[in-house]
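Enquirer: Dropping in upload_20.txt, which is compact mmCIF, C-alpha atoms:
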# COMPACT_ATOMS: atom_id res chain seq x y z
CA MET A 1 22.57 96.16 5.70
CA GLU A 2 25.60 98.36 5.29
CA ALA A 3 27.18 100.52 7.92
CA TYR A 4 29.28 103.51 6.96
CA THR A 5 31.96 104.57 9.34
CA GLY A 6 32.11 108.06 10.63
CA SER A 7 28.88 109.96 10.87
CA GLY A 8 26.63 107.19 12.15
CA TRP A 9 24.65 106.53 8.96
CA LEU A 10 22.99 103.23 8.29
CA LEU A 11 21.59 102.40 4.89
CA THR A 12 19.22 99.52 4.36
CA ARG A 13 16.04 98.49 2.61
CA LEU A 14 12.89 98.98 4.62
CA GLU A 15 11.93 95.32 4.17
CA GLN A 16 15.24 94.22 5.59
CA LEU A 17 14.78 96.54 8.52
CA VAL A 18 11.35 95.10 9.26
CA ASN A 19 12.68 91.57 8.93
CA TRP A 20 15.60 92.41 11.16
CA GLY A 21 13.23 93.64 13.85
CA ARG A 22 10.95 90.64 13.61
CA LYS A 23 13.82 88.22 13.53
CA ARG A 24 15.44 89.58 16.65
CA SER A 25 12.28 89.43 18.76
CA PRO A 26 10.31 86.26 18.12
CA TRP A 27 8.29 86.26 21.31
CA PRO A 28 7.17 82.72 21.94
CA LEU A 29 3.78 81.58 23.13
CA PRO A 30 4.50 78.46 25.19
CA TYR A 31 1.80 75.88 24.69
CA GLY A 32 3.10 72.90 26.61
CA THR A 33 0.65 70.04 26.98
CA ALA A 34 2.93 67.08 27.73
CA CYS A 35 6.52 66.10 28.47
CA CYS A 36 7.74 68.29 25.59
CA GLY A 37 6.57 71.21 27.71
CA ILE A 38 9.23 70.34 30.28
CA GLU A 39 11.94 70.41 27.63
CA MET A 40 10.54 73.71 26.39
CA MET A 41 10.77 75.17 29.91
CA CYS A 42 14.34 73.94 30.04
CA ALA A 43 15.09 75.69 26.75
CA LEU A 44 13.52 78.90 28.03
CA ALA A 45 15.30 78.82 31.39
CA SER A 46 18.79 79.96 32.17
CA GLY A 47 20.66 76.78 31.17
CA TYR A 48 19.86 77.04 27.48
CA ASP A 49 18.50 80.58 27.62
CA MET A 50 16.34 81.05 24.57
CA ALA A 51 16.36 84.78 25.33
CA ARG A 52 19.75 84.89 23.64
CA PHE A 53 17.92 84.67 20.33
CA GLY A 54 15.42 87.37 21.12
CA ALA A 55 12.74 85.08 22.51
CA GLU A 56 13.00 87.29 25.52
CA ARG A 57 9.53 87.17 26.91
CA PRO A 58 7.40 84.04 26.85
CA SER A 59 4.05 85.61 26.19
CA PHE A 60 1.16 83.96 27.91
CA SER A 61 -1.28 86.00 25.91
CA PRO A 62 -1.60 84.92 22.28
CA ARG A 63 -2.24 88.53 21.27
CA GLN A 64 1.33 89.55 22.05
CA ALA A 65 3.12 86.50 20.70
CA ASP A 66 4.84 85.79 17.42
CA VAL A 67 5.85 82.13 17.60
CA LEU A 68 3.49 79.45 18.87
CA ILE A 69 5.56 76.63 20.36
CA GLU A 70 3.14 73.72 20.44
CA ALA A 71 4.93 71.25 22.72
CA GLY A 72 3.00 68.09 23.42
CA THR A 73 0.05 65.90 22.62
CA ILE A 74 -3.15 67.54 21.44
CA THR A 75 -6.30 65.57 22.12
CA LYS A 76 -9.29 65.96 19.89
CA LYS A 77 -11.10 67.52 22.81
CA MET A 78 -8.46 70.23 22.92
CA THR A 79 -8.36 70.87 19.16
CA PRO A 80 -10.78 73.84 19.12
CA ILE A 81 -8.83 75.52 21.91
CA LEU A 82 -5.59 75.26 19.94
CA ARG A 83 -7.30 76.63 16.85
CA ARG A 84 -8.80 79.51 18.79
CA ILE A 85 -5.46 80.43 20.34
CA TYR A 86 -3.83 80.38 16.91
CA ASP A 87 -6.60 82.58 15.54
CA GLN A 88 -6.09 85.06 18.37
CA MET A 89 -2.41 85.59 17.53
CA ALA A 90 -1.71 88.70 15.53
CA GLU A 91 -0.05 88.47 12.13
CA PRO A 92 2.72 87.77 11.41
CA LYS A 93 2.85 84.48 13.26
CA TRP A 94 4.82 81.29 13.09
CA VAL A 95 4.26 77.83 14.55
CA ILE A 96 6.76 75.28 15.84
CA ALA A 97 5.39 71.74 16.23
CA MET A 98 7.62 70.32 18.93
CA GLY A 99 7.89 66.58 19.41
CA ALA A 100 6.46 63.49 17.78
CA CYS A 101 2.95 64.01 19.17
CA ALA A 102 2.57 67.51 17.81
CA CYS A 103 4.03 66.48 14.45
CA SER A 104 2.10 63.28 13.86
CA GLY A 105 0.28 62.08 16.96
CA GLY A 106 3.30 60.03 17.97
CA VAL A 107 2.63 56.77 19.72
CA PHE A 108 -0.95 57.80 20.47
CA ARG A 109 -2.64 56.49 17.37
CA THR A 110 -6.01 56.37 19.12
CA TYR A 111 -9.51 57.72 18.94
CA SER A 112 -8.77 60.58 21.29
CA THR A 113 -5.57 62.06 19.87
CA LEU A 114 -5.15 64.53 17.05
CA GLN A 115 -2.81 62.97 14.49
CA GLY A 116 -0.60 66.02 14.09
CA ILE A 117 -1.46 69.67 14.68
CA ASP A 118 -1.10 70.41 10.97
CA HIS A 119 -4.61 69.03 10.61
CA VAL A 120 -5.78 72.20 12.32
CA ILE A 121 -3.20 74.96 11.99
CA PRO A 122 -0.33 75.61 9.55
CA VAL A 123 3.07 74.59 10.90
CA ASP A 124 6.38 76.21 9.96
CA VAL A 125 8.94 73.97 11.66
CA TYR A 126 8.56 70.41 12.87
CA VAL A 127 10.93 69.26 15.61
CA PRO A 128 11.27 65.47 15.78
CA GLY A 129 12.01 63.61 18.99
CA CYS A 130 10.17 62.22 21.95
CA PRO A 131 10.79 64.63 23.51
CA PRO A 132 13.35 66.69 21.56
CA ARG A 133 16.30 68.07 23.44
CA PRO A 134 16.29 71.81 24.14
CA GLU A 135 18.91 72.21 21.41
CA GLY A 136 16.28 70.92 18.99
CA LEU A 137 13.89 73.67 19.96
CA LEU A 138 16.62 76.30 19.71
CA PHE A 139 17.47 75.00 16.25
CA ALA A 140 13.80 75.28 15.28
CA LEU A 141 13.80 78.87 16.47
CA LEU A 142 16.85 79.56 14.32
CA LYS A 143 15.04 78.01 11.37
CA ILE A 144 12.12 80.36 12.02
CA MET A 145 14.59 83.24 11.93
CA ASP A 146 15.95 82.04 8.59
CA LYS A 147 12.41 81.91 7.31
CA ILE A 148 11.67 85.44 8.51
CA ASP A 149 14.77 86.61 6.62
CA MET A 150 13.37 85.27 3.38
CA GLU A 151 10.02 86.99 3.71
CA HIS A 152 8.93 90.15 1.89
CA PRO A 153 6.66 91.82 4.43
CA LEU A 154 6.03 94.96 2.36
CA ARG A 155 5.53 93.47 -1.05
CA GLY A 156 1.77 93.23 -0.80
CA GLU A 157 1.47 96.59 0.96
CA ILE A 158 3.44 98.57 -1.63
CA SER A 159 1.61 97.11 -4.62
CA SER A 160 -1.75 97.82 -3.00
CA LEU A 161 -0.60 101.39 -2.32
CA VAL A 162 0.43 101.84 -5.94
CA GLU A 163 -2.81 100.45 -7.20
CA GLY A 164 -4.67 102.69 -4.79
CA LYS A 165 -6.55 100.00 -2.92
CA MET B 1 -6.91 36.12 57.16
CA THR B 2 -8.80 36.30 53.90
CA MET B 3 -11.17 33.61 55.11
CA ASP B 4 -11.91 35.67 58.23
CA LEU B 5 -12.54 38.66 56.03
CA LEU B 6 -14.85 36.74 53.75
CA LYS B 7 -16.71 35.39 56.78
CA GLY B 8 -17.12 38.87 58.21
CA VAL B 9 -18.41 40.22 54.91
CA SER B 10 -20.83 37.32 54.58
CA ASN B 11 -22.11 37.92 58.11
CA CYS B 12 -22.59 41.59 57.31
CA LEU B 13 -24.31 41.12 53.98
CA GLY B 14 -26.05 37.76 54.46
CA PRO B 15 -27.91 36.59 51.38
CA LEU B 16 -26.91 39.67 49.39
CA VAL B 17 -23.65 37.94 48.42
CA VAL B 18 -24.33 36.28 45.08
CA ALA B 19 -20.82 34.96 44.59
CA SER B 20 -17.44 35.42 46.21
CA GLY B 21 -13.85 34.71 45.35
CA GLU B 22 -10.30 35.25 46.47
CA PHE B 23 -7.21 35.86 44.39
CA ARG B 24 -3.79 36.38 45.96
CA GLY B 25 -5.26 37.78 49.13
CA ASP B 26 -7.83 40.02 47.49
CA VAL B 27 -11.42 39.19 48.30
CA THR B 28 -14.15 39.83 45.76
CA VAL B 29 -17.86 39.62 46.43
CA GLU B 30 -20.57 39.93 43.84
CA VAL B 31 -23.86 41.51 44.82
CA PRO B 32 -27.14 42.27 43.04
CA LYS B 33 -27.01 45.43 40.97
CA ALA B 34 -30.16 47.03 42.32
CA ARG B 35 -28.97 46.91 45.95
CA ILE B 36 -25.41 48.11 45.54
CA ALA B 37 -25.98 51.33 47.49
CA GLU B 38 -27.43 49.38 50.41
CA VAL B 39 -24.54 46.91 50.33
CA LEU B 40 -21.88 49.60 50.34
CA ALA B 41 -23.66 51.50 53.10
CA ARG B 42 -23.69 48.37 55.24
CA LEU B 43 -20.02 47.67 54.59
CA ARG B 44 -19.18 51.26 55.44
CA ASP B 45 -21.20 51.45 58.63
CA ASP B 46 -20.38 48.01 60.01
CA PRO B 47 -18.16 48.66 63.06
CA ASN B 48 -15.95 45.60 62.48
CA LEU B 49 -15.44 45.96 58.74
CA ALA B 50 -15.55 49.80 58.51
CA TYR B 51 -14.89 50.10 54.79
CA ASP B 52 -14.94 53.86 54.95
CA PHE B 53 -12.90 54.74 51.86
CA LEU B 54 -13.85 54.29 48.23
CA VAL B 55 -10.55 53.87 46.38
CA ASP B 56 -11.93 53.53 42.89
CA LEU B 57 -14.87 52.49 40.82
CA PHE B 58 -14.58 51.27 37.26
CA GLY B 59 -16.30 49.35 34.52
CA VAL B 60 -15.31 46.19 32.70
CA ASP B 61 -16.49 45.02 29.31
CA ASN B 62 -16.43 41.21 29.12
CA LEU B 63 -17.27 41.11 25.45
CA ASP B 64 -15.13 38.03 24.75
CA LEU B 65 -16.54 35.97 27.62
CA TYR B 66 -20.01 37.16 26.83
CA GLU B 67 -19.82 36.12 23.19
CA LYS B 68 -18.16 32.81 24.03
CA ALA B 69 -20.91 32.03 26.49
CA ALA B 70 -23.55 33.05 24.01
CA LYS B 71 -22.09 30.60 21.45
CA PRO B 72 -21.10 27.55 23.47
CA LYS B 73 -20.42 25.37 20.42
CA LYS B 74 -17.32 27.34 19.46
CA LYS B 75 -14.81 25.98 21.96
CA THR B 76 -11.29 27.34 21.86
CA GLU B 77 -8.20 26.00 23.58
CA GLY B 78 -6.14 27.79 26.17
CA GLU B 79 -8.73 29.48 28.32
CA GLY B 80 -6.35 29.54 31.23
CA ASP B 81 -7.11 33.16 32.07
CA ALA B 82 -10.80 32.55 32.21
CA ALA B 83 -10.38 30.06 35.04
CA GLU B 84 -10.24 32.72 37.72
CA GLU B 85 -13.57 34.10 36.56
CA PRO B 86 -16.35 32.40 38.53
CA LYS B 87 -18.64 30.94 35.92
CA PRO B 88 -22.21 30.70 37.16
CA ALA B 89 -24.18 27.96 35.55
CA GLY B 90 -27.21 28.87 33.51
CA PRO B 91 -27.64 31.96 31.37
CA PRO B 92 -24.56 33.72 29.94
CA PRO B 93 -22.97 36.28 32.26
CA PRO B 94 -24.01 39.88 31.69
CA ARG B 95 -21.65 41.76 29.45
CA PHE B 96 -20.56 44.60 31.73
CA GLU B 97 -19.31 44.77 35.28
CA VAL B 98 -18.87 47.67 37.65
CA ILE B 99 -16.31 47.09 40.37
CA TYR B 100 -15.94 49.08 43.58
CA LEU B 101 -12.61 49.00 45.40
CA LEU B 102 -13.04 49.63 49.09
CA LEU B 103 -10.41 50.27 51.74
CA SER B 104 -10.79 50.35 55.48
CA LEU B 105 -8.57 53.06 56.89
CA SER B 106 -8.81 51.63 60.41
CA THR B 107 -8.04 47.97 59.65
CA ASN B 108 -6.12 48.59 56.38
CA ARG B 109 -7.99 45.84 54.58
CA ARG B 110 -9.38 45.94 51.10
CA LEU B 111 -12.46 44.52 49.40
CA HIS B 112 -13.66 44.37 45.82
CA VAL B 113 -17.39 44.58 45.33
CA LYS B 114 -18.66 43.62 41.92
CA VAL B 115 -22.01 44.09 40.22
CA ARG B 116 -22.87 42.69 36.82
CA VAL B 117 -24.67 44.89 34.33
CA PRO B 118 -26.55 43.27 31.44
CA GLU B 119 -26.47 44.92 28.06
CA ASP B 120 -30.21 45.61 27.96
CA ASP B 121 -30.28 47.41 31.32
CA LEU B 122 -27.26 49.69 31.51
CA SER B 123 -27.87 51.38 34.81
CA VAL B 124 -26.46 51.02 38.31
CA PRO B 125 -27.71 53.05 41.29
CA SER B 126 -25.31 55.85 42.11
CA VAL B 127 -23.28 55.71 45.32
CA THR B 128 -22.54 59.42 45.34
CA GLY B 129 -24.78 59.68 48.40
CA LEU B 130 -22.29 57.54 50.33
CA TRP B 131 -19.04 58.94 48.98
CA LYS B 132 -18.73 62.19 47.10
CA ALA B 133 -15.56 60.71 45.66
CA ALA B 134 -17.74 58.52 43.46
CA THR B 135 -18.94 61.37 41.25
CA TRP B 136 -16.03 61.54 38.84
CA PRO B 137 -15.44 57.78 38.55
CA GLU B 138 -19.12 57.32 37.81
CA ARG B 139 -18.93 59.99 35.14
CA GLU B 140 -15.92 58.23 33.70
CA VAL B 141 -17.71 54.87 33.58
CA TYR B 142 -20.65 56.56 31.92
CA ASP B 143 -18.33 58.20 29.41
CA MET B 144 -16.34 55.09 28.57
CA PHE B 145 -19.00 52.36 28.78
CA GLY B 146 -22.36 54.09 28.58
CA ILE B 147 -23.54 52.74 31.93
CA ARG B 148 -25.90 55.19 33.58
CA PHE B 149 -26.00 55.96 37.28
CA PRO B 150 -29.48 57.07 38.40
CA GLY B 151 -29.16 59.41 41.36
CA HIS B 152 -25.93 61.00 40.16
CA PRO B 153 -26.09 64.79 40.54
CA ASP B 154 -24.36 65.67 37.26
CA LEU B 155 -23.89 62.75 34.91
CA ARG B 156 -21.95 64.26 32.02
CA ARG B 157 -19.02 62.89 30.08
CA LEU B 158 -15.76 63.26 31.95
CA LEU B 159 -13.00 62.64 29.40
CA MET B 160 -14.50 62.94 25.92
CA TRP B 161 -16.31 66.05 24.75
CA ASP B 162 -20.07 66.28 25.21
CA GLU B 163 -21.12 65.59 21.62
CA PHE B 164 -18.90 62.51 21.30
CA PRO B 165 -21.19 59.84 19.83
CA ALA B 166 -19.69 56.59 21.22
CA HIS B 167 -18.40 54.91 24.36
CA PRO B 168 -14.77 54.24 23.50
CA LEU B 169 -13.70 51.71 26.12
CA ARG B 170 -16.23 49.17 24.91
CA LYS B 171 -14.38 46.32 23.29
CA ASP B 172 -16.28 46.61 20.01
CA TYR B 173 -15.10 50.20 19.54
CA PRO B 174 -12.02 50.40 17.28
CA LEU B 175 -8.82 51.73 18.83
CA GLU B 176 -8.39 54.42 16.20
CA GLY B 177 -11.98 55.51 16.49
CA ARG B 178 -14.59 56.00 13.85
CA GLY B 179 -13.33 59.36 12.63
CA GLU B 180 -14.98 61.53 15.25
CA GLU B 181 -13.67 65.09 15.23
CA ARG B 182 -14.44 68.06 17.39
CA ILE B 183 -15.12 71.15 15.31
CA LEU B 184 -14.66 74.76 16.35
CA ARG B 185 -17.60 77.00 15.60
CA TYR B 186 -17.42 80.75 16.04
CA GLU B 187 -20.63 82.46 17.01
Any chance you could put this one into structure tokens?
Expert:
Amino acid sequence: MEAYTGSGWLLTRLEQLVNWGRKRSPWPLPYGTACCGIEMMCALASGYDMARFGAERPSFSPRQADVLIEAGTITKKMTPILRRIYDQMAEPKWVIAMGACACSGGVFRTYSTLQGIDHVIPVDVYVPGCPPRPEGLLFALLKIMDKIDMEHPLRGEISSLVEGK
Amino acid sequence: MTMDLLKGVSNCLGPLVVASGEFRGDVTVEVPKARIAEVLARLRDDPNLAYDFLVDLFGVDNLDLYEKAAKPKKKTEGEGDAAEEPKPAGPPPPRFEVIYLLLSLSTNRRLHVKVRVPEDDLSVPSVTGLWKAATWPEREVYDMFGIRFPGHPDLRRLLMWDEFPAHPLRKDYPLEGRGEERILRYE
């Protein structure tokens, strides 16, 4: 992005503009199921203030969320609910697996616990820790932003336009 | 004090007490499985005992004791823990137990009531008619051990999902399960 002084012009590529918009407003969907949820609330609240990074509005509807923050243990009984919530989120969407339980099942290597949410949904960033500190979650959000920067949101669209599909 | 308590319970129940024990001030009585509802009703309505509060109800799987008793030739050392278990002579003890923890809110005394459930007859009469608080614990025992409670208004699984094929708190069920998964199906 380049800004020219004087007349208020701003030149950029459309892809970068889209990425810039997405990156600055990753609305999170808080999905706290265990103690990680408490750390997530802490990260969202005024002390750590995740809104600084554009995660302004924790969306409690999956249809208006961009980043699913899965914070906590997922039991096998709950697995279909997690999958359904992920399916309800509109594209583009990203997933943060927060804490040892969400990443791998953690200490709960039992019959009732899902051994990592990546068995069910794709995960973009894994945050280790039991539970991770709020800084860990903020760092994961920054990693999501880096990832958004590297995406080419219009590449498929343009080529399908050219080919007339 | 525990002896007084045991005497009072014996007076109330009479020959219904199959066995009784005391451990660190906690009194346990064992009663026949088929008459558990009658026993608990008597303990609740007795004016001196007044066990009016059902604290909890849970199952126990004595798989180790059961198998040891079934094969008496295999004797192992160090059965110190088994000493507190009253061992009735004769046939091996039934595999499962259901234990009721009672509390009297007026006298602040507690009582454990135990019934033994053999493996070939996994049912205990429900006590939901006496305490509504028994509904969820009975569902949990059904879920975890497969013991049925005839007379229960809604005996479904409490913790695992409905199609779960096993009873996971049984001792012969592996900790990591047998690969059961719950699958999402869209209509």
Enquirer: Need to verify the contact set: Leu142 (chain A), 10 Å, all atoms listed in the file, exclusion of same-chain residues closer than 5 positions in sequence. Can you return it as number ranges by chain?
Expert: A: 23, 53, 136-137, 147-148
Enquirer: Any idea what's packed within 9 Å of region 108-115 of chain A, counting all atoms listed in the file, ignoring anything in its chain fewer than 4 positions away? Could you give it as a list in words?
Expert: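 With the cut-off at 9 Å, the set is Thr73, Ile74, Thr75, Lys76, Lys77, Met78, Thr79, Cys101, Ala102, Cys103, Ser104 and His119 of chain A; Met160, Pro168, Pro174, Leu175, Glu176, Gly177, Arg178, Gly179, Glu180 and Glu181 of chain B.
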Enquirer: For a quick check of understanding, using only C-alpha atoms, which of A:Pro62, A:Leu29, A:Tyr48, A:Glu15 has the smallest distance to Arg133 (chain A)?
Expert: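 Among the listed residues, the smallest separation from Arg133 (chain A) belongs to A:Tyr48.
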Enquirer: Have a look at CA of Arg22 (chain A) and CA of Ile69 (chain A) and let me know their distance in Å, one decimal.
Expert: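 That distance, rounded to one decimal, is 16.5 Å.
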Enquirer: Report, in Å to a single decimal, how far apart CA of Arg157 (chain B) and CA of Gly59 (chain B) are.
Expert: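 Atom-to-atom, CA of Gly59 (chain B) and CA of Arg157 (chain B) are spaced 14.5 Å apart.
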Enquirer: Could you give me region 99-117 of chain B completed to N, CA, C and O atoms, formatted as an mmCIF file, keeping the file's coordinate frame?
Expert:
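As written to disk, rebuild_10.cif reads:
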data_model
loop_
_atom_site.group_PDB
_atom_site.id
_atom_site.type_symbol
_atom_site.label_atom_id
_atom_site.label_comp_id
_atom_site.auth_asym_id
_atom_site.auth_seq_id
_atom_site.Cartn_x
_atom_site.Cartn_y
_atom_site.Cartn_z
ATOM 1 N N ILE B 99 -17.039 47.598 39.218
ATOM 2 C CA ILE B 99 -16.310 47.090 40.370
ATOM 3 C C ILE B 99 -15.963 48.252 41.287
ATOM 4 O O ILE B 99 -15.499 49.301 40.835
ATOM 5 N N TYR B 100 -16.219 48.068 42.570
ATOM 6 C CA TYR B 100 -15.940 49.080 43.580
ATOM 7 C C TYR B 100 -14.774 48.571 44.424
ATOM 8 O O TYR B 100 -14.827 47.453 44.937
ATOM 9 N N LEU B 101 -13.749 49.365 44.549
ATOM 10 C CA LEU B 101 -12.610 49.000 45.400
ATOM 11 C C LEU B 101 -12.741 49.761 46.705
ATOM 12 O O LEU B 101 -12.720 50.985 46.726
ATOM 13 N N LEU B 102 -12.869 49.010 47.787
ATOM 14 C CA LEU B 102 -13.040 49.630 49.090
ATOM 15 C C LEU B 102 -11.783 49.416 49.933
ATOM 16 O O LEU B 102 -11.081 48.421 49.779
ATOM 17 N N LEU B 103 -11.535 50.372 50.813
ATOM 18 C CA LEU B 103 -10.410 50.270 51.740
ATOM 19 C C LEU B 103 -10.900 50.699 53.111
ATOM 20 O O LEU B 103 -11.651 51.668 53.226
ATOM 21 N N SER B 104 -10.491 49.950 54.111
ATOM 22 C CA SER B 104 -10.790 50.350 55.480
ATOM 23 C C SER B 104 -9.582 51.047 56.049
ATOM 24 O O SER B 104 -8.506 50.449 56.152
ATOM 25 N N LEU B 105 -9.730 52.305 56.398
ATOM 26 C CA LEU B 105 -8.570 53.060 56.890
ATOM 27 C C LEU B 105 -8.194 52.621 58.301
ATOM 28 O O LEU B 105 -7.055 52.802 58.716
ATOM 29 N N SER B 106 -9.142 52.033 59.048
ATOM 30 C CA SER B 106 -8.810 51.630 60.410
ATOM 31 C C SER B 106 -8.158 50.252 60.448
ATOM 32 O O SER B 106 -7.217 50.036 61.206
ATOM 33 N N THR B 107 -8.637 49.317 59.618
ATOM 34 C CA THR B 107 -8.040 47.970 59.650
ATOM 35 C C THR B 107 -7.083 47.745 58.493
ATOM 36 O O THR B 107 -6.441 46.708 58.435
ATOM 37 N N ASN B 108 -7.012 48.694 57.538
ATOM 38 C CA ASN B 108 -6.120 48.590 56.380
ATOM 39 C C ASN B 108 -6.387 47.327 55.569
ATOM 40 O O ASN B 108 -5.469 46.651 55.125
ATOM 41 N N ARG B 109 -7.662 46.982 55.418
ATOM 42 C CA ARG B 109 -7.990 45.840 54.580
ATOM 43 C C ARG B 109 -8.821 46.307 53.398
ATOM 44 O O ARG B 109 -9.498 47.323 53.460
ATOM 45 N N ARG B 110 -8.722 45.532 52.338
ATOM 46 C CA ARG B 110 -9.380 45.940 51.100
ATOM 47 C C ARG B 110 -10.447 44.937 50.716
ATOM 48 O O ARG B 110 -10.422 43.780 51.129
ATOM 49 N N LEU B 111 -11.380 45.392 49.872
ATOM 50 C CA LEU B 111 -12.460 44.520 49.400
ATOM 51 C C LEU B 111 -12.887 44.996 48.024
ATOM 52 O O LEU B 111 -12.973 46.201 47.765
ATOM 53 N N HIS B 112 -13.100 44.037 47.134
ATOM 54 C CA HIS B 112 -13.660 44.370 45.820
ATOM 55 C C HIS B 112 -15.125 43.968 45.836
ATOM 56 O O HIS B 112 -15.455 42.839 46.181
ATOM 57 N N VAL B 113 -15.968 44.881 45.443
ATOM 58 C CA VAL B 113 -17.390 44.580 45.330
ATOM 59 C C VAL B 113 -17.758 44.710 43.860
ATOM 60 O O VAL B 113 -17.444 45.713 43.218
ATOM 61 N N LYS B 114 -18.396 43.673 43.351
ATOM 62 C CA LYS B 114 -18.660 43.620 41.920
ATOM 63 C C LYS B 114 -20.160 43.531 41.674
ATOM 64 O O LYS B 114 -20.862 42.805 42.374
ATOM 65 N N VAL B 115 -20.644 44.294 40.698
ATOM 66 C CA VAL B 115 -22.010 44.090 40.220
ATOM 67 C C VAL B 115 -21.928 43.811 38.726
ATOM 68 O O VAL B 115 -21.045 44.314 38.039
ATOM 69 N N ARG B 116 -22.837 42.995 38.245
ATOM 70 C CA ARG B 116 -22.870 42.690 36.820
ATOM 71 C C ARG B 116 -23.997 43.479 36.170
ATOM 72 O O ARG B 116 -25.090 43.606 36.734
ATOM 73 N N VAL B 117 -23.721 44.007 35.003
ATOM 74 C CA VAL B 117 -24.670 44.890 34.330
ATOM 75 C C VAL B 117 -24.993 44.297 32.968
ATOM 76 O O VAL B 117 -24.125 44.247 32.097
#
